[in-house]
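Below is one structure, written out as structure tokens; comments come after it.
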Amino acid sequence: MVLAAGLAAAMPAGADTLQKIAESGQITLAYRESSVPFSYLAAGSTPEGFSVDIANAVADAVKKQLKKPDLKVALQAVTSQNRIPLLTNGTIDLECGSTTNNTVRGKDVQFAINHFYTGTRLLVKKTSGIKNYADLAKKNVASTSGTTNAQVIRKYNTEKNLGMEIQLGKDHDDSMLLVESGRAVAFAMDDILLFGLIGNAKNPAEWEVVGDSLQVEPYACMLRKDDPQFQQLVNGVIGGMMKSGQFEKLYTKWFMSPIPPKGQNLNLPMSKELRDNIKALSDKPAV
């Protein structure tokens with residue numbers, strides 16, 4: 001695998017991704033740098049994680065379908081802000097990270113079968129005294145730019161008239177640093193990502209995840225719109241993993257076992273929503 005360099009030429013929605021890959025001799029997979037345990041850099045420059053394993057399985061299927069076993073797999077780091085533009089302009093071909101499948105994003109991209117379900121909660125220091133959202137009144141609260149969580153916490157702040165000051169980090173590590181440095185009292189994000197960040201923290205014992213889950217949202221891989229051939233391939237890989245039991249083994253590997261770099265075990269049993277979707281194979285978005 002190689003790290004992608006430069007930007008691809010603009011690619012309109014509806015373009016044939018498999019044809020693009022065949023002609024270029026390369027598939028470009030997106031990755032996140034700090035979305036533990038989905039897609040992150042644990043050591044060195046090669047990403048790993050639950051979503052990375054799914055993306056690699058898709059790449060293997062593309063090699064087989066195109067009969068190109070030596071197809072180059074390039075890797076491109078993305079953020080919450082640039083992941084959709086880089087997909088729609090052709091820079092990346094598939095984004096499997098920690099991206100919420102919702103109707104707004106569905107206007108610009110196509111989502112594959114949902115592969116995880118999560119909700120917005122709060123990462124705080126145990127000494128903060130913060131236990132739920134009411135405790136955030138007139139305080140600085142962090143979230144990550146370009147995420148649905150930032151929208152959720154803004155909406156909640158307005159509806160409840162809490163007077164929070166929302167501060168946005170460029171990525172999840174940056175948002176956590178806002179709390180660690182005292183510039184914010186809490187970090188609002190998907191609970192599973194918060195548990196992952198705690199596991200990688202310098203001192204995990206000083207952190208905790210608190211608060212009600214504001215809404216349940218599905219994660220799914222993103223691909224370009226109006227590309228039924230590539231969508232069928234991606235869903236065939238994910239659906240096949242779900243039907244064969246391989247998906248559950250992958251889940252156990254990343255959510256119920258020690259993971260890099262510190263060997264922490266998130267010990268998070270599969271949710272009812274995800275178990276149901278292993279049977280339903282749905283790509284239904286959050287509202």
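So you can find residues: chains in the structure tokens are A, B, ... in the order shown, residues in each start at 1, and ligands are numbered from 1 in order.
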Show me a table, sorted first by chain and then by increasing residue number, of the residues of stretch 209-281 of chain A having an atom at most 7 Å from stretch 108-131 of chain A, each with its shortest atom pair and the distance in Å to one decimal, counting only C-alpha atoms and written as a Markdown table.
| residue | atom | partner | partner_atom | distance |
| --- | --- | --- | --- | --- |
| A:Val209 | CA | A:Leu123 | CA | 4.6 |
| A:Val210 | CA | A:Leu122 | CA | 5.2 |
| A:Gly211 | CA | A:Arg121 | CA | 5.5 |
| A:Asp212 | CA | A:Arg121 | CA | 6.2 |
| A:Ser213 | CA | A:Gly119 | CA | 5.2 |
| A:Leu214 | CA | A:Thr120 | CA | 5.4 |
| A:Gln215 | CA | A:Gly119 | CA | 5.1 |
| A:Val216 | CA | A:Gly119 | CA | 4.6 |
| A:Glu217 | CA | A:Thr118 | CA | 5.4 |
| A:Pro218 | CA | A:Tyr117 | CA | 4.3 |
| A:Tyr219 | CA | A:Phe116 | CA | 5.0 |
| A:Ala220 | CA | A:Asn114 | CA | 4.6 |
| A:Cys221 | CA | A:Ala112 | CA | 5.4 |
| A:Met222 | CA | A:Phe111 | CA | 4.7 |
| A:Leu223 | CA | A:Gln110 | CA | 5.2 |
| A:Arg224 | CA | A:Val109 | CA | 5.1 |
| A:Lys225 | CA | A:Gln110 | CA | 4.8 |
| A:Gln231 | CA | A:Ala112 | CA | 6.9 |
| A:Val234 | CA | A:Ala112 | CA | 6.8 |
| A:Asn235 | CA | A:Ala112 | CA | 5.8 |
| A:Ile238 | CA | A:Ile113 | CA | 6.9 |
| A:Glu273 | CA | A:Tyr117 | CA | 6.6 |
| A:Leu274 | CA | A:Phe116 | CA | 5.9 |
| A:Leu281 | CA | A:Ile113 | CA | 5.8 |
Could you save the residues just selected, with N, CA and C atoms, as an mmCIF file, in the first residue's frame?
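That gives us again.cif:
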data_model
loop_
_atom_site.group_PDB
_atom_site.id
_atom_site.type_symbol
_atom_site.label_atom_id
_atom_site.label_comp_id
_atom_site.auth_asym_id
_atom_site.auth_seq_id
_atom_site.Cartn_x
_atom_site.Cartn_y
_atom_site.Cartn_z
ATOM 1 N N VAL A 209 -16.759 8.789 30.210
ATOM 2 C CA VAL A 209 -17.815 9.164 29.273
ATOM 3 C C VAL A 209 -19.118 9.262 30.061
ATOM 4 N N VAL A 210 -19.794 10.410 29.936
ATOM 5 C CA VAL A 210 -21.010 10.644 30.716
ATOM 6 C C VAL A 210 -22.113 11.179 29.804
ATOM 7 N N GLY A 211 -23.305 11.300 30.391
ATOM 8 C CA GLY A 211 -24.426 11.916 29.691
ATOM 9 C C GLY A 211 -25.282 10.919 28.932
ATOM 10 N N ASP A 212 -26.523 11.318 28.708
ATOM 11 C CA ASP A 212 -27.435 10.505 27.912
ATOM 12 C C ASP A 212 -26.971 10.488 26.460
ATOM 13 N N SER A 213 -27.351 9.446 25.739
ATOM 14 C CA SER A 213 -27.087 9.391 24.303
ATOM 15 C C SER A 213 -28.154 10.213 23.592
ATOM 16 N N LEU A 214 -27.720 11.284 22.924
ATOM 17 C CA LEU A 214 -28.702 12.218 22.365
ATOM 18 C C LEU A 214 -29.467 11.634 21.181
ATOM 19 N N GLN A 215 -28.803 10.829 20.353
ATOM 20 C CA GLN A 215 -29.507 10.176 19.262
ATOM 21 C C GLN A 215 -28.665 9.026 18.744
ATOM 22 N N VAL A 216 -29.338 8.018 18.207
ATOM 23 C CA VAL A 216 -28.632 6.857 17.656
ATOM 24 C C VAL A 216 -28.409 7.088 16.167
ATOM 25 N N GLU A 217 -27.162 6.939 15.723
ATOM 26 C CA GLU A 217 -26.815 7.180 14.333
ATOM 27 C C GLU A 217 -26.019 5.999 13.776
ATOM 28 N N PRO A 218 -26.250 5.659 12.512
ATOM 29 C CA PRO A 218 -25.478 4.573 11.886
ATOM 30 C C PRO A 218 -24.210 5.087 11.219
ATOM 31 N N TYR A 219 -23.155 4.293 11.280
ATOM 32 C CA TYR A 219 -21.947 4.518 10.481
ATOM 33 C C TYR A 219 -22.033 3.660 9.228
ATOM 34 N N ALA A 220 -21.492 4.187 8.135
ATOM 35 C CA ALA A 220 -21.418 3.415 6.899
ATOM 36 C C ALA A 220 -20.290 3.939 6.038
ATOM 37 N N CYS A 221 -19.797 3.085 5.134
ATOM 38 C CA CYS A 221 -18.793 3.516 4.162
ATOM 39 C C CYS A 221 -19.458 4.415 3.117
ATOM 40 N N MET A 222 -18.690 5.392 2.629
ATOM 41 C CA MET A 222 -19.188 6.306 1.603
ATOM 42 C C MET A 222 -18.557 6.003 0.248
ATOM 43 N N LEU A 223 -19.386 6.105 -0.803
ATOM 44 C CA LEU A 223 -18.905 6.036 -2.175
ATOM 45 C C LEU A 223 -19.652 7.088 -2.994
ATOM 46 N N ARG A 224 -19.249 7.268 -4.245
ATOM 47 C CA ARG A 224 -19.897 8.300 -5.043
ATOM 48 C C ARG A 224 -21.324 7.895 -5.417
ATOM 49 N N LYS A 225 -22.170 8.908 -5.621
ATOM 50 C CA LYS A 225 -23.564 8.667 -5.982
ATOM 51 C C LYS A 225 -23.680 8.133 -7.405
ATOM 52 N N GLN A 231 -21.434 0.255 -6.042
ATOM 53 C CA GLN A 231 -22.266 0.082 -4.853
ATOM 54 C C GLN A 231 -22.592 -1.390 -4.624
ATOM 55 N N VAL A 234 -19.430 -3.094 -3.216
ATOM 56 C CA VAL A 234 -19.163 -2.749 -1.813
ATOM 57 C C VAL A 234 -20.176 -3.430 -0.898
ATOM 58 N N ASN A 235 -21.453 -3.345 -1.256
ATOM 59 C CA ASN A 235 -22.485 -3.977 -0.425
ATOM 60 C C ASN A 235 -22.367 -5.497 -0.449
ATOM 61 N N ILE A 238 -19.617 -6.252 2.179
ATOM 62 C CA ILE A 238 -20.071 -6.058 3.563
ATOM 63 C C ILE A 238 -21.191 -7.030 3.911
ATOM 64 N N GLU A 273 -29.180 -2.757 17.610
ATOM 65 C CA GLU A 273 -29.354 -2.169 16.281
ATOM 66 C C GLU A 273 -28.432 -2.832 15.258
ATOM 67 N N LEU A 274 -27.187 -3.074 15.660
ATOM 68 C CA LEU A 274 -26.240 -3.686 14.727
ATOM 69 C C LEU A 274 -26.582 -5.158 14.495
ATOM 70 N N LEU A 281 -29.396 -5.979 6.567
ATOM 71 C CA LEU A 281 -28.466 -5.441 5.553
ATOM 72 C C LEU A 281 -28.970 -4.098 5.014
#
Next on the checklist: Neighbouring residues of A:Asp60 were defined as those with any atom within 12 Å, considering only C-alpha atoms; residues of the same chain fewer than 3 positions away were excluded. Please report them as number ranges by chain.
Outcome noted: A: 27, 29, 53-57, 63-73, 233-234, 237
Checklist entry - Between atom CA of A:Phe50 and atom CA of A:Trp254, what is the spacing in Å? => result 6.0 Å
Taking only C-alpha atoms into account, produce a table as JSON lines in which each residue of stretch 26-84 of chain A with an atom at most 10 Å from an atom of stretch 147-165 of chain A appears once, together with its shortest atom pair and the distance in Å to one decimal, ordered by chain and rising number.
{"residue": "A:Thr79", "atom": "CA", "partner": "A:Thr147", "partner_atom": "CA", "distance": 9.6}
{"residue": "A:Ser80", "atom": "CA", "partner": "A:Thr147", "partner_atom": "CA", "distance": 5.9}
{"residue": "A:Gln81", "atom": "CA", "partner": "A:Thr147", "partner_atom": "CA", "distance": 7.6}
Next on the checklist: Need to verify the contact set: A:Leu197, 9 Å, only C-alpha atoms, exclusion of same-chain residues closer than 5 positions in sequence. Can you return it as a list in words?
Outcome noted: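 Within the cut-off, the hits are Ser34, Ser35, Val36, Pro37, His172, Asp173, Met176, Ile192 and Pro204 of chain A.
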Resulting file, chosen residues, C-alpha atoms, as an mmCIF file, in the first residue's frame:
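File out_27.cif, as written:
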data_model
loop_
_atom_site.group_PDB
_atom_site.id
_atom_site.type_symbol
_atom_site.label_atom_id
_atom_site.label_comp_id
_atom_site.auth_asym_id
_atom_site.auth_seq_id
_atom_site.Cartn_x
_atom_site.Cartn_y
_atom_site.Cartn_z
ATOM 1 C CA SER A 34 -7.691 9.259 15.236
ATOM 2 C CA SER A 35 -11.051 7.437 14.935
ATOM 3 C CA VAL A 36 -10.235 4.568 17.303
ATOM 4 C CA PRO A 37 -11.050 1.684 16.779
ATOM 5 C CA HIS A 172 -10.815 14.158 17.532
ATOM 6 C CA ASP A 173 -7.361 14.366 19.118
ATOM 7 C CA MET A 176 -9.805 16.072 23.313
ATOM 8 C CA ILE A 192 -17.533 4.689 20.825
ATOM 9 C CA PRO A 204 -6.947 6.756 30.920
#
